[in-house]
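K.L.:
See protein.cif below, with mmCIF, N, CA and C atoms.
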```
data_my_file
loop_
_atom_site.group_PDB
_atom_site.id
_atom_site.type_symbol
_atom_site.label_atom_id
_atom_site.label_comp_id
_atom_site.auth_asym_id
_atom_site.auth_seq_id
_atom_site.Cartn_x
_atom_site.Cartn_y
_atom_site.Cartn_z
ATOM 1 N N MET A 1 10.058 10.720 -2.268
ATOM 2 C CA MET A 1 8.718 10.251 -2.548
ATOM 3 C C MET A 1 7.756 11.038 -1.654
ATOM 4 N N ASP A 2 6.607 11.396 -2.199
ATOM 5 C CA ASP A 2 5.668 12.161 -1.370
ATOM 6 C C ASP A 2 4.928 11.220 -0.411
ATOM 7 N N ASN A 3 4.402 11.804 0.659
ATOM 8 C CA ASN A 3 3.781 11.015 1.720
ATOM 9 C C ASN A 3 2.579 10.214 1.239
ATOM 10 N N ALA A 4 1.797 10.741 0.320
ATOM 11 C CA ALA A 4 0.635 10.012 -0.192
ATOM 12 C C ALA A 4 1.067 8.735 -0.904
ATOM 13 N N ALA A 5 2.139 8.800 -1.670
ATOM 14 C CA ALA A 5 2.640 7.603 -2.368
ATOM 15 C C ALA A 5 3.168 6.580 -1.376
ATOM 16 N N ILE A 6 3.825 7.052 -0.330
ATOM 17 C CA ILE A 6 4.322 6.142 0.703
ATOM 18 C C ILE A 6 3.143 5.464 1.406
ATOM 19 N N GLU A 7 2.139 6.238 1.779
ATOM 20 C CA GLU A 7 0.968 5.670 2.450
ATOM 21 C C GLU A 7 0.298 4.617 1.579
ATOM 22 N N GLU A 8 0.215 4.876 0.278
ATOM 23 C CA GLU A 8 -0.376 3.905 -0.643
ATOM 24 C C GLU A 8 0.451 2.626 -0.691
ATOM 25 N N MET A 9 1.757 2.770 -0.692
ATOM 26 C CA MET A 9 2.653 1.621 -0.753
ATOM 27 C C MET A 9 2.479 0.700 0.455
ATOM 28 N N PHE A 10 2.156 1.285 1.601
ATOM 29 C CA PHE A 10 2.057 0.533 2.839
ATOM 30 C C PHE A 10 0.617 0.266 3.264
ATOM 31 N N GLU A 11 -0.360 0.517 2.402
ATOM 32 C CA GLU A 11 -1.758 0.421 2.785
ATOM 33 C C GLU A 11 -2.167 -0.977 3.235
ATOM 34 N N ALA A 12 -1.473 -2.023 2.834
ATOM 35 C CA ALA A 12 -1.815 -3.383 3.260
ATOM 36 C C ALA A 12 -1.686 -3.551 4.770
ATOM 37 N N LEU A 13 -0.847 -2.724 5.403
ATOM 38 C CA LEU A 13 -0.673 -2.797 6.852
ATOM 39 C C LEU A 13 -1.690 -1.970 7.602
ATOM 40 N N GLY A 14 -2.203 -0.960 6.958
ATOM 41 C CA GLY A 14 -3.051 0.018 7.627
ATOM 42 C C GLY A 14 -2.302 1.334 7.681
ATOM 43 N N PRO A 15 -2.712 2.230 8.555
ATOM 44 C CA PRO A 15 -2.098 3.562 8.583
ATOM 45 C C PRO A 15 -0.632 3.529 8.999
ATOM 46 N N VAL A 16 0.153 4.373 8.342
ATOM 47 C CA VAL A 16 1.557 4.555 8.705
ATOM 48 C C VAL A 16 1.770 6.014 9.084
ATOM 49 N N THR A 17 2.789 6.220 9.898
ATOM 50 C CA THR A 17 3.201 7.557 10.283
ATOM 51 C C THR A 17 4.540 7.821 9.617
ATOM 52 N N ILE A 18 4.700 9.002 9.067
ATOM 53 C CA ILE A 18 5.924 9.355 8.355
ATOM 54 C C ILE A 18 6.560 10.535 9.062
ATOM 55 N N LYS A 19 7.819 10.355 9.466
ATOM 56 C CA LYS A 19 8.529 11.409 10.197
ATOM 57 C C LYS A 19 9.857 11.700 9.505
ATOM 58 N N ARG A 20 10.219 12.982 9.433
ATOM 59 C CA ARG A 20 11.511 13.369 8.869
ATOM 60 C C ARG A 20 12.624 12.909 9.792
ATOM 61 N N MET A 21 13.693 12.388 9.188
ATOM 62 C CA MET A 21 14.851 11.982 9.966
ATOM 63 C C MET A 21 16.065 11.798 9.060
ATOM 64 N N PHE A 22 17.237 12.151 9.532
ATOM 65 C CA PHE A 22 18.510 11.895 8.841
ATOM 66 C C PHE A 22 18.496 12.254 7.365
ATOM 67 N N GLY A 23 17.874 13.344 7.008
ATOM 68 C CA GLY A 23 17.838 13.741 5.607
ATOM 69 C C GLY A 23 16.862 12.917 4.786
ATOM 70 N N GLY A 24 16.056 12.114 5.429
ATOM 71 C CA GLY A 24 15.054 11.303 4.751
ATOM 72 C C GLY A 24 13.798 11.250 5.589
ATOM 73 N N LYS A 25 13.126 10.109 5.537
ATOM 74 C CA LYS A 25 11.899 9.928 6.312
ATOM 75 C C LYS A 25 11.903 8.539 6.929
ATOM 76 N N GLY A 26 11.417 8.458 8.151
ATOM 77 C CA GLY A 26 11.168 7.173 8.789
ATOM 78 C C GLY A 26 9.700 6.834 8.600
ATOM 79 N N ILE A 27 9.418 5.574 8.326
ATOM 80 C CA ILE A 27 8.051 5.111 8.106
ATOM 81 C C ILE A 27 7.715 4.143 9.236
ATOM 82 N N TYR A 28 6.651 4.462 9.979
ATOM 83 C CA TYR A 28 6.286 3.731 11.187
ATOM 84 C C TYR A 28 4.894 3.139 11.058
ATOM 85 N N HIS A 29 4.706 1.994 11.683
ATOM 86 C CA HIS A 29 3.380 1.393 11.812
ATOM 87 C C HIS A 29 3.269 0.913 13.252
ATOM 88 N N GLN A 30 2.203 1.285 13.905
ATOM 89 C CA GLN A 30 1.978 0.951 15.313
ATOM 90 C C GLN A 30 3.176 1.353 16.181
ATOM 91 N N GLY A 31 3.769 2.486 15.852
ATOM 92 C CA GLY A 31 4.867 3.026 16.638
ATOM 93 C C GLY A 31 6.228 2.410 16.371
ATOM 94 N N LEU A 32 6.317 1.463 15.459
ATOM 95 C CA LEU A 32 7.582 0.792 15.145
ATOM 96 C C LEU A 32 8.077 1.210 13.767
ATOM 97 N N ILE A 33 9.357 1.511 13.673
ATOM 98 C CA ILE A 33 9.914 1.873 12.373
ATOM 99 C C ILE A 33 10.099 0.611 11.541
ATOM 100 N N LEU A 34 9.591 0.645 10.310
ATOM 101 C CA LEU A 34 9.699 -0.519 9.449
ATOM 102 C C LEU A 34 10.308 -0.201 8.095
ATOM 103 N N ALA A 35 10.539 1.080 7.823
ATOM 104 C CA ALA A 35 11.108 1.453 6.526
ATOM 105 C C ALA A 35 11.662 2.874 6.588
ATOM 106 N N LEU A 36 12.501 3.160 5.602
ATOM 107 C CA LEU A 36 13.065 4.494 5.436
ATOM 108 C C LEU A 36 12.830 4.951 4.008
ATOM 109 N N ASP A 37 12.620 6.236 3.850
ATOM 110 C CA ASP A 37 12.655 6.866 2.535
ATOM 111 C C ASP A 37 13.949 7.665 2.546
ATOM 112 N N PHE A 38 14.948 7.166 1.841
ATOM 113 C CA PHE A 38 16.265 7.791 1.851
ATOM 114 C C PHE A 38 16.679 8.085 0.427
ATOM 115 N N ARG A 39 16.806 9.373 0.126
ATOM 116 C CA ARG A 39 17.190 9.824 -1.217
ATOM 117 C C ARG A 39 16.271 9.276 -2.300
ATOM 118 N N GLY A 40 14.980 9.223 -1.971
ATOM 119 C CA GLY A 40 13.992 8.784 -2.950
ATOM 120 C C GLY A 40 13.802 7.290 -3.065
ATOM 121 N N ASP A 41 14.560 6.515 -2.304
ATOM 122 C CA ASP A 41 14.411 5.062 -2.312
ATOM 123 C C ASP A 41 13.756 4.613 -1.015
ATOM 124 N N ILE A 42 12.807 3.699 -1.129
ATOM 125 C CA ILE A 42 12.204 3.106 0.055
ATOM 126 C C ILE A 42 13.023 1.876 0.415
ATOM 127 N N LEU A 43 13.441 1.821 1.670
ATOM 128 C CA LEU A 43 14.235 0.710 2.187
ATOM 129 C C LEU A 43 13.437 0.043 3.298
ATOM 130 N N LEU A 44 13.253 -1.271 3.200
ATOM 131 C CA LEU A 44 12.450 -2.012 4.155
ATOM 132 C C LEU A 44 13.324 -2.686 5.201
ATOM 133 N N LYS A 45 12.845 -2.688 6.440
ATOM 134 C CA LYS A 45 13.570 -3.297 7.552
ATOM 135 C C LYS A 45 13.595 -4.817 7.379
ATOM 136 N N ALA A 46 14.736 -5.406 7.684
ATOM 137 C CA ALA A 46 14.881 -6.863 7.660
ATOM 138 C C ALA A 46 15.757 -7.262 8.840
ATOM 139 N N ASP A 47 15.771 -8.551 9.125
ATOM 140 C CA ASP A 47 16.599 -9.075 10.202
ATOM 141 C C ASP A 47 17.164 -10.418 9.757
ATOM 142 N N ALA A 48 17.766 -11.138 10.678
ATOM 143 C CA ALA A 48 18.401 -12.409 10.318
ATOM 144 C C ALA A 48 17.403 -13.392 9.708
ATOM 145 N N GLU A 49 16.150 -13.297 10.113
ATOM 146 C CA GLU A 49 15.128 -14.199 9.588
ATOM 147 C C GLU A 49 14.673 -13.814 8.181
ATOM 148 N N SER A 50 14.496 -12.523 7.933
ATOM 149 C CA SER A 50 13.935 -12.097 6.650
ATOM 150 C C SER A 50 14.968 -11.622 5.630
ATOM 151 N N ALA A 51 16.160 -11.245 6.063
ATOM 152 C CA ALA A 51 17.174 -10.750 5.119
ATOM 153 C C ALA A 51 17.480 -11.747 4.001
ATOM 154 N N PRO A 52 17.573 -13.061 4.294
ATOM 155 C CA PRO A 52 17.822 -13.992 3.181
ATOM 156 C C PRO A 52 16.736 -13.958 2.107
ATOM 157 N N LEU A 53 15.498 -13.694 2.506
ATOM 158 C CA LEU A 53 14.411 -13.592 1.523
ATOM 159 C C LEU A 53 14.601 -12.375 0.625
ATOM 160 N N PHE A 54 15.016 -11.269 1.224
ATOM 161 C CA PHE A 54 15.291 -10.067 0.433
ATOM 162 C C PHE A 54 16.446 -10.331 -0.538
ATOM 163 N N ALA A 55 17.496 -10.970 -0.040
ATOM 164 C CA ALA A 55 18.659 -11.260 -0.890
ATOM 165 C C ALA A 55 18.269 -12.168 -2.055
ATOM 166 N N GLU A 56 17.477 -13.208 -1.778
ATOM 167 C CA GLU A 56 17.038 -14.131 -2.832
ATOM 168 C C GLU A 56 16.202 -13.420 -3.891
ATOM 169 N N ALA A 57 15.471 -12.390 -3.485
ATOM 170 C CA ALA A 57 14.615 -11.649 -4.415
ATOM 171 C C ALA A 57 15.386 -10.580 -5.190
ATOM 172 N N GLY A 58 16.696 -10.476 -4.942
ATOM 173 C CA GLY A 58 17.516 -9.522 -5.679
ATOM 174 C C GLY A 58 17.615 -8.145 -5.047
ATOM 175 N N SER A 59 17.135 -7.999 -3.829
ATOM 176 C CA SER A 59 17.235 -6.714 -3.134
ATOM 177 C C SER A 59 18.673 -6.465 -2.705
ATOM 178 N N GLU A 60 18.965 -5.194 -2.455
ATOM 179 C CA GLU A 60 20.298 -4.819 -1.990
ATOM 180 C C GLU A 60 20.207 -4.237 -0.593
ATOM 181 N N GLN A 61 21.143 -4.654 0.249
ATOM 182 C CA GLN A 61 21.187 -4.125 1.602
ATOM 183 C C GLN A 61 21.824 -2.745 1.591
ATOM 184 N N TRP A 62 21.280 -1.841 2.401
ATOM 185 C CA TRP A 62 21.807 -0.490 2.508
ATOM 186 C C TRP A 62 23.100 -0.526 3.302
ATOM 187 N N THR A 63 24.144 0.026 2.728
ATOM 188 C CA THR A 63 25.427 0.161 3.412
ATOM 189 C C THR A 63 25.921 1.594 3.241
ATOM 190 N N TYR A 64 26.794 1.983 4.126
ATOM 191 C CA TYR A 64 27.450 3.278 3.983
ATOM 192 C C TYR A 64 28.892 3.101 4.417
ATOM 193 N N PRO A 65 29.796 3.942 3.926
ATOM 194 C CA PRO A 65 31.198 3.812 4.286
ATOM 195 C C PRO A 65 31.434 4.239 5.746
ATOM 196 N N GLY A 66 32.032 3.350 6.512
ATOM 197 C CA GLY A 66 32.355 3.658 7.900
ATOM 198 C C GLY A 66 33.589 4.542 8.000
ATOM 199 N N LYS A 67 33.964 4.864 9.215
ATOM 200 C CA LYS A 67 35.110 5.754 9.443
ATOM 201 C C LYS A 67 36.407 5.193 8.884
ATOM 202 N N THR A 68 36.529 3.883 8.851
ATOM 203 C CA THR A 68 37.744 3.259 8.326
ATOM 204 C C THR A 68 37.661 3.006 6.825
ATOM 205 N N GLY A 69 36.503 3.355 6.238
ATOM 206 C CA GLY A 69 36.296 3.102 4.813
ATOM 207 C C GLY A 69 35.615 1.775 4.548
ATOM 208 N N LYS A 70 35.532 0.938 5.566
ATOM 209 C CA LYS A 70 34.872 -0.363 5.433
ATOM 210 C C LYS A 70 33.353 -0.150 5.453
ATOM 211 N N PRO A 71 32.605 -0.811 4.560
ATOM 212 C CA PRO A 71 31.154 -0.621 4.519
ATOM 213 C C PRO A 71 30.484 -1.077 5.821
ATOM 214 N N VAL A 72 29.522 -0.292 6.260
ATOM 215 C CA VAL A 72 28.706 -0.624 7.421
ATOM 216 C C VAL A 72 27.324 -1.016 6.901
ATOM 217 N N ALA A 73 26.890 -2.234 7.197
ATOM 218 C CA ALA A 73 25.594 -2.727 6.725
ATOM 219 C C ALA A 73 24.495 -2.350 7.714
ATOM 220 N N MET A 74 23.428 -1.820 7.187
ATOM 221 C CA MET A 74 22.267 -1.446 7.988
ATOM 222 C C MET A 74 21.153 -2.473 7.750
ATOM 223 N N PRO A 75 20.202 -2.572 8.670
ATOM 224 C CA PRO A 75 19.160 -3.598 8.518
ATOM 225 C C PRO A 75 18.008 -3.177 7.601
ATOM 226 N N TYR A 76 18.337 -2.511 6.521
ATOM 227 C CA TYR A 76 17.324 -2.052 5.568
ATOM 228 C C TYR A 76 17.707 -2.499 4.166
ATOM 229 N N TRP A 77 16.711 -2.927 3.417
ATOM 230 C CA TRP A 77 16.914 -3.489 2.086
ATOM 231 C C TRP A 77 16.014 -2.802 1.071
ATOM 232 N N SER A 78 16.479 -2.770 -0.176
ATOM 233 C CA SER A 78 15.654 -2.224 -1.259
ATOM 234 C C SER A 78 14.438 -3.128 -1.488
ATOM 235 N N ILE A 79 13.414 -2.549 -2.073
ATOM 236 C CA ILE A 79 12.208 -3.316 -2.401
ATOM 237 C C ILE A 79 12.507 -4.189 -3.617
ATOM 238 N N PRO A 80 12.153 -5.467 -3.562
ATOM 239 C CA PRO A 80 12.359 -6.317 -4.745
ATOM 240 C C PRO A 80 11.620 -5.752 -5.955
ATOM 241 N N ASN A 81 12.263 -5.812 -7.104
ATOM 242 C CA ASN A 81 11.678 -5.265 -8.336
ATOM 243 C C ASN A 81 10.292 -5.821 -8.622
ATOM 244 N N GLU A 82 10.084 -7.103 -8.321
ATOM 245 C CA GLU A 82 8.796 -7.738 -8.613
ATOM 246 C C GLU A 82 7.637 -7.078 -7.860
ATOM 247 N N ALA A 83 7.929 -6.397 -6.758
ATOM 248 C CA ALA A 83 6.881 -5.795 -5.935
ATOM 249 C C ALA A 83 6.537 -4.372 -6.354
ATOM 250 N N LEU A 84 7.376 -3.744 -7.145
ATOM 251 C CA LEU A 84 7.174 -2.334 -7.460
ATOM 252 C C LEU A 84 5.877 -2.055 -8.212
ATOM 253 N N ASP A 85 5.437 -2.977 -9.040
ATOM 254 C CA ASP A 85 4.217 -2.778 -9.822
ATOM 255 C C ASP A 85 3.114 -3.763 -9.459
ATOM 256 N N ASP A 86 3.273 -4.463 -8.333
ATOM 257 C CA ASP A 86 2.306 -5.478 -7.939
ATOM 258 C C ASP A 86 1.910 -5.258 -6.483
ATOM 259 N N PRO A 87 0.720 -4.697 -6.249
ATOM 260 C CA PRO A 87 0.300 -4.400 -4.875
ATOM 261 C C PRO A 87 0.283 -5.622 -3.954
ATOM 262 N N ASP A 88 -0.055 -6.796 -4.493
ATOM 263 C CA ASP A 88 -0.071 -8.004 -3.664
ATOM 264 C C ASP A 88 1.342 -8.389 -3.228
ATOM 265 N N MET A 89 2.295 -8.273 -4.139
ATOM 266 C CA MET A 89 3.689 -8.563 -3.790
ATOM 267 C C MET A 89 4.222 -7.503 -2.830
ATOM 268 N N MET A 90 3.857 -6.251 -3.044
ATOM 269 C CA MET A 90 4.282 -5.188 -2.141
ATOM 270 C C MET A 90 3.769 -5.475 -0.731
ATOM 271 N N ALA A 91 2.527 -5.927 -0.628
ATOM 272 C CA ALA A 91 1.944 -6.242 0.678
ATOM 273 C C ALA A 91 2.777 -7.305 1.392
ATOM 274 N N LYS A 92 3.242 -8.303 0.655
ATOM 275 C CA LYS A 92 4.079 -9.354 1.251
ATOM 276 C C LYS A 92 5.344 -8.752 1.859
ATOM 277 N N TRP A 93 6.019 -7.879 1.125
ATOM 278 C CA TRP A 93 7.291 -7.334 1.583
ATOM 279 C C TRP A 93 7.132 -6.338 2.726
ATOM 280 N N VAL A 94 6.072 -5.537 2.694
ATOM 281 C CA VAL A 94 5.882 -4.606 3.809
ATOM 282 C C VAL A 94 5.481 -5.361 5.071
ATOM 283 N N ARG A 95 4.775 -6.471 4.911
ATOM 284 C CA ARG A 95 4.457 -7.297 6.093
ATOM 285 C C ARG A 95 5.727 -7.914 6.671
ATOM 286 N N LEU A 96 6.620 -8.377 5.808
ATOM 287 C CA LEU A 96 7.900 -8.917 6.292
ATOM 288 C C LEU A 96 8.692 -7.845 7.044
ATOM 289 N N ALA A 97 8.652 -6.623 6.547
ATOM 290 C CA ALA A 97 9.355 -5.521 7.216
ATOM 291 C C ALA A 97 8.735 -5.246 8.586
ATOM 292 N N PHE A 98 7.413 -5.275 8.670
ATOM 293 C CA PHE A 98 6.751 -5.050 9.953
ATOM 294 C C PHE A 98 7.056 -6.190 10.928
ATOM 295 N N GLU A 99 7.083 -7.423 10.439
ATOM 296 C CA GLU A 99 7.436 -8.554 11.301
ATOM 297 C C GLU A 99 8.856 -8.409 11.847
ATOM 298 N N ALA A 100 9.780 -7.936 11.015
ATOM 299 C CA ALA A 100 11.151 -7.679 11.491
ATOM 300 C C ALA A 100 11.153 -6.589 12.551
ATOM 301 N N ALA A 101 10.345 -5.561 12.362
ATOM 302 C CA ALA A 101 10.242 -4.480 13.346
ATOM 303 C C ALA A 101 9.694 -5.016 14.667
ATOM 304 N N LEU A 102 8.710 -5.900 14.589
ATOM 305 C CA LEU A 102 8.158 -6.500 15.811
ATOM 306 C C LEU A 102 9.216 -7.322 16.551
ATOM 307 N N ARG A 103 9.995 -8.102 15.806
ATOM 308 C CA ARG A 103 11.034 -8.916 16.449
ATOM 309 C C ARG A 103 12.125 -8.060 17.073
ATOM 310 N N ALA A 104 12.398 -6.893 16.484
ATOM 311 C CA ALA A 104 13.447 -6.003 16.989
ATOM 312 C C ALA A 104 12.992 -5.233 18.224
ATOM 313 N N LYS A 105 11.713 -5.207 18.464
ATOM 314 C CA LYS A 105 11.118 -4.406 19.546
ATOM 315 C C LYS A 105 11.721 -4.697 20.894
#
```
Show the structure stored in the file as structure tokens.

P.N.:
Amino acid sequence: MDNAAIEEMFEALGPVTIKRMFGGKGIYHQGLILALDFRGDILLKADAESAPLFAEAGSEQWTYPGKTGKPVAMPYWSIPNEALDDPDMMAKWVRLAFEAALRAK
């Protein structure tokens, strides 16, 4: 995804900084990472408090195969489908991601 589209997606928070990392991009607000652009998918940060909300909305948690072949779960989730075409819903989810980033600080 290009940086302008990412900035638009996160505009409810204010300015974001986008940095290349791990073959993708890290998305930061106020110096805290709150999302990743990985292989064209935006993944939002979640934690024990917000992950159940992502799961209830049908989002999928990012996992990758560990050294033993067992999946390793990362604290990033796909954007709920309902938010993809609704700026107000998108604002809700990016705020939840920023709140998770604040708690992880």

K.L.:
Which segment 1-70 of chain A residues have any atom within 5 Å of an atom of segment 78-81 of chain A, and for each, what is the nearest pair of atoms with distance in Å to one decimal, counting all atoms listed in the file, rows sorted by chain and number, as a tab-separated table?

P.N.:
```
residue	atom	partner	partner_atom	distance
A:Leu43	CA	A:Ser78	CA	4.7
A:Leu44	N	A:Ser78	N	4.9
A:Ser59	CA	A:Ser78	C	4.8
A:Glu60	C	A:Ser78	N	4.0
```

K.L.:
Using only C-alpha atoms, which of A:Met89, A:Val72, A:Met1, A:Ile18 sits nearest Ala35 of chain A?

P.N.:
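So, comparing all the options, the nearest one is A:Ile18.
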
K.L.:
How many Å lie between atom CA of Glu82 of chain A and atom CA of Ala55 of chain A, rounded to one decimal?

P.N.:
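According to the coordinates, atom CA of Glu82 of chain A and atom CA of Ala55 of chain A are separated by 13.0 Å.
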
K.L.:
Using all atoms listed in the file, list the residues that have an atom at most 7 Å from (13.9, -0.6, 8.2), coordinates as in the file, as a PDB file with N, CA and C atoms, keeping the file's coordinate frame.

P.N.:
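Result written to result.pdb:
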```pdb
ATOM      1  N   ILE A  33       9.357   1.511  13.673  1.00  0.00           N
ATOM      2  CA  ILE A  33       9.914   1.873  12.373  1.00  0.00           C
ATOM      3  C   ILE A  33      10.099   0.611  11.541  1.00  0.00           C
ATOM      4  N   LEU A  34       9.591   0.645  10.310  1.00  0.00           N
ATOM      5  CA  LEU A  34       9.699  -0.519   9.449  1.00  0.00           C
ATOM      6  C   LEU A  34      10.308  -0.201   8.095  1.00  0.00           C
ATOM      7  N   ALA A  35      10.539   1.080   7.823  1.00  0.00           N
ATOM      8  CA  ALA A  35      11.108   1.453   6.526  1.00  0.00           C
ATOM      9  C   ALA A  35      11.662   2.874   6.588  1.00  0.00           C
ATOM     10  N   LEU A  36      12.501   3.160   5.602  1.00  0.00           N
ATOM     11  CA  LEU A  36      13.065   4.494   5.436  1.00  0.00           C
ATOM     12  C   LEU A  36      12.830   4.951   4.008  1.00  0.00           C
ATOM     13  N   LEU A  43      13.441   1.821   1.670  1.00  0.00           N
ATOM     14  CA  LEU A  43      14.235   0.710   2.187  1.00  0.00           C
ATOM     15  C   LEU A  43      13.437   0.043   3.298  1.00  0.00           C
ATOM     16  N   LEU A  44      13.253  -1.271   3.200  1.00  0.00           N
ATOM     17  CA  LEU A  44      12.450  -2.012   4.155  1.00  0.00           C
ATOM     18  C   LEU A  44      13.324  -2.686   5.201  1.00  0.00           C
ATOM     19  N   LYS A  45      12.845  -2.688   6.440  1.00  0.00           N
ATOM     20  CA  LYS A  45      13.570  -3.297   7.552  1.00  0.00           C
ATOM     21  C   LYS A  45      13.595  -4.817   7.379  1.00  0.00           C
ATOM     22  N   ALA A  46      14.736  -5.406   7.684  1.00  0.00           N
ATOM     23  CA  ALA A  46      14.881  -6.863   7.660  1.00  0.00           C
ATOM     24  C   ALA A  46      15.757  -7.262   8.840  1.00  0.00           C
ATOM     25  N   PRO A  75      20.202  -2.572   8.670  1.00  0.00           N
ATOM     26  CA  PRO A  75      19.160  -3.598   8.518  1.00  0.00           C
ATOM     27  C   PRO A  75      18.008  -3.177   7.601  1.00  0.00           C
ATOM     28  N   TYR A  76      18.337  -2.511   6.521  1.00  0.00           N
ATOM     29  CA  TYR A  76      17.324  -2.052   5.568  1.00  0.00           C
ATOM     30  C   TYR A  76      17.707  -2.499   4.166  1.00  0.00           C
ATOM     31  N   TRP A  77      16.711  -2.927   3.417  1.00  0.00           N
ATOM     32  CA  TRP A  77      16.914  -3.489   2.086  1.00  0.00           C
ATOM     33  C   TRP A  77      16.014  -2.802   1.071  1.00  0.00           C
ATOM     34  N   ALA A  97       8.652  -6.623   6.547  1.00  0.00           N
ATOM     35  CA  ALA A  97       9.355  -5.521   7.216  1.00  0.00           C
ATOM     36  C   ALA A  97       8.735  -5.246   8.586  1.00  0.00           C
TER      37      ALA A  97
END
```

K.L.:
Return as a PyMOL selection string the full set of residues in segment 46-98 of chain A whose backbone-based DSSP assignment is strand (DSSP E).

P.N.:
chain A and resi 61-65+71-78

K.L.:
Residues as selected, N, CA and C atoms, written as an mmCIF file, in the frame of the given file, can you do that?

P.N.:
```cif
data_model
loop_
_atom_site.group_PDB
_atom_site.id
_atom_site.type_symbol
_atom_site.label_atom_id
_atom_site.label_comp_id
_atom_site.auth_asym_id
_atom_site.auth_seq_id
_atom_site.Cartn_x
_atom_site.Cartn_y
_atom_site.Cartn_z
ATOM 1 N N GLN A 61 21.143 -4.654 0.249
ATOM 2 C CA GLN A 61 21.187 -4.125 1.602
ATOM 3 C C GLN A 61 21.824 -2.745 1.591
ATOM 4 N N TRP A 62 21.280 -1.841 2.401
ATOM 5 C CA TRP A 62 21.807 -0.490 2.508
ATOM 6 C C TRP A 62 23.100 -0.526 3.302
ATOM 7 N N THR A 63 24.144 0.026 2.728
ATOM 8 C CA THR A 63 25.427 0.161 3.412
ATOM 9 C C THR A 63 25.921 1.594 3.241
ATOM 10 N N TYR A 64 26.794 1.983 4.126
ATOM 11 C CA TYR A 64 27.450 3.278 3.983
ATOM 12 C C TYR A 64 28.892 3.101 4.417
ATOM 13 N N PRO A 65 29.796 3.942 3.926
ATOM 14 C CA PRO A 65 31.198 3.812 4.286
ATOM 15 C C PRO A 65 31.434 4.239 5.746
ATOM 16 N N PRO A 71 32.605 -0.811 4.560
ATOM 17 C CA PRO A 71 31.154 -0.621 4.519
ATOM 18 C C PRO A 71 30.484 -1.077 5.821
ATOM 19 N N VAL A 72 29.522 -0.292 6.260
ATOM 20 C CA VAL A 72 28.706 -0.624 7.421
ATOM 21 C C VAL A 72 27.324 -1.016 6.901
ATOM 22 N N ALA A 73 26.890 -2.234 7.197
ATOM 23 C CA ALA A 73 25.594 -2.727 6.725
ATOM 24 C C ALA A 73 24.495 -2.350 7.714
ATOM 25 N N MET A 74 23.428 -1.820 7.187
ATOM 26 C CA MET A 74 22.267 -1.446 7.988
ATOM 27 C C MET A 74 21.153 -2.473 7.750
ATOM 28 N N PRO A 75 20.202 -2.572 8.670
ATOM 29 C CA PRO A 75 19.160 -3.598 8.518
ATOM 30 C C PRO A 75 18.008 -3.177 7.601
ATOM 31 N N TYR A 76 18.337 -2.511 6.521
ATOM 32 C CA TYR A 76 17.324 -2.052 5.568
ATOM 33 C C TYR A 76 17.707 -2.499 4.166
ATOM 34 N N TRP A 77 16.711 -2.927 3.417
ATOM 35 C CA TRP A 77 16.914 -3.489 2.086
ATOM 36 C C TRP A 77 16.014 -2.802 1.071
ATOM 37 N N SER A 78 16.479 -2.770 -0.176
ATOM 38 C CA SER A 78 15.654 -2.224 -1.259
ATOM 39 C C SER A 78 14.438 -3.128 -1.488
#
```

K.L.:
Calculate how many Å separate atom N of Phe38 of chain A from atom N of Lys25 of chain A, rounding to one decimal.

P.N.:
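Here the two named atoms are 5.1 Å from each other.
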
K.L.:
Starting from the point (5.2, 16.0, 3.9), work out which residues of protein, DNA or RNA have an atom no more than 9 Å away when counting only C-alpha atoms; state them as a list in words.

P.N.:
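Residues found, by chain and rising number: Asp2, Asn3, Ala4, Ile18, Lys19 and Arg20 of chain A.
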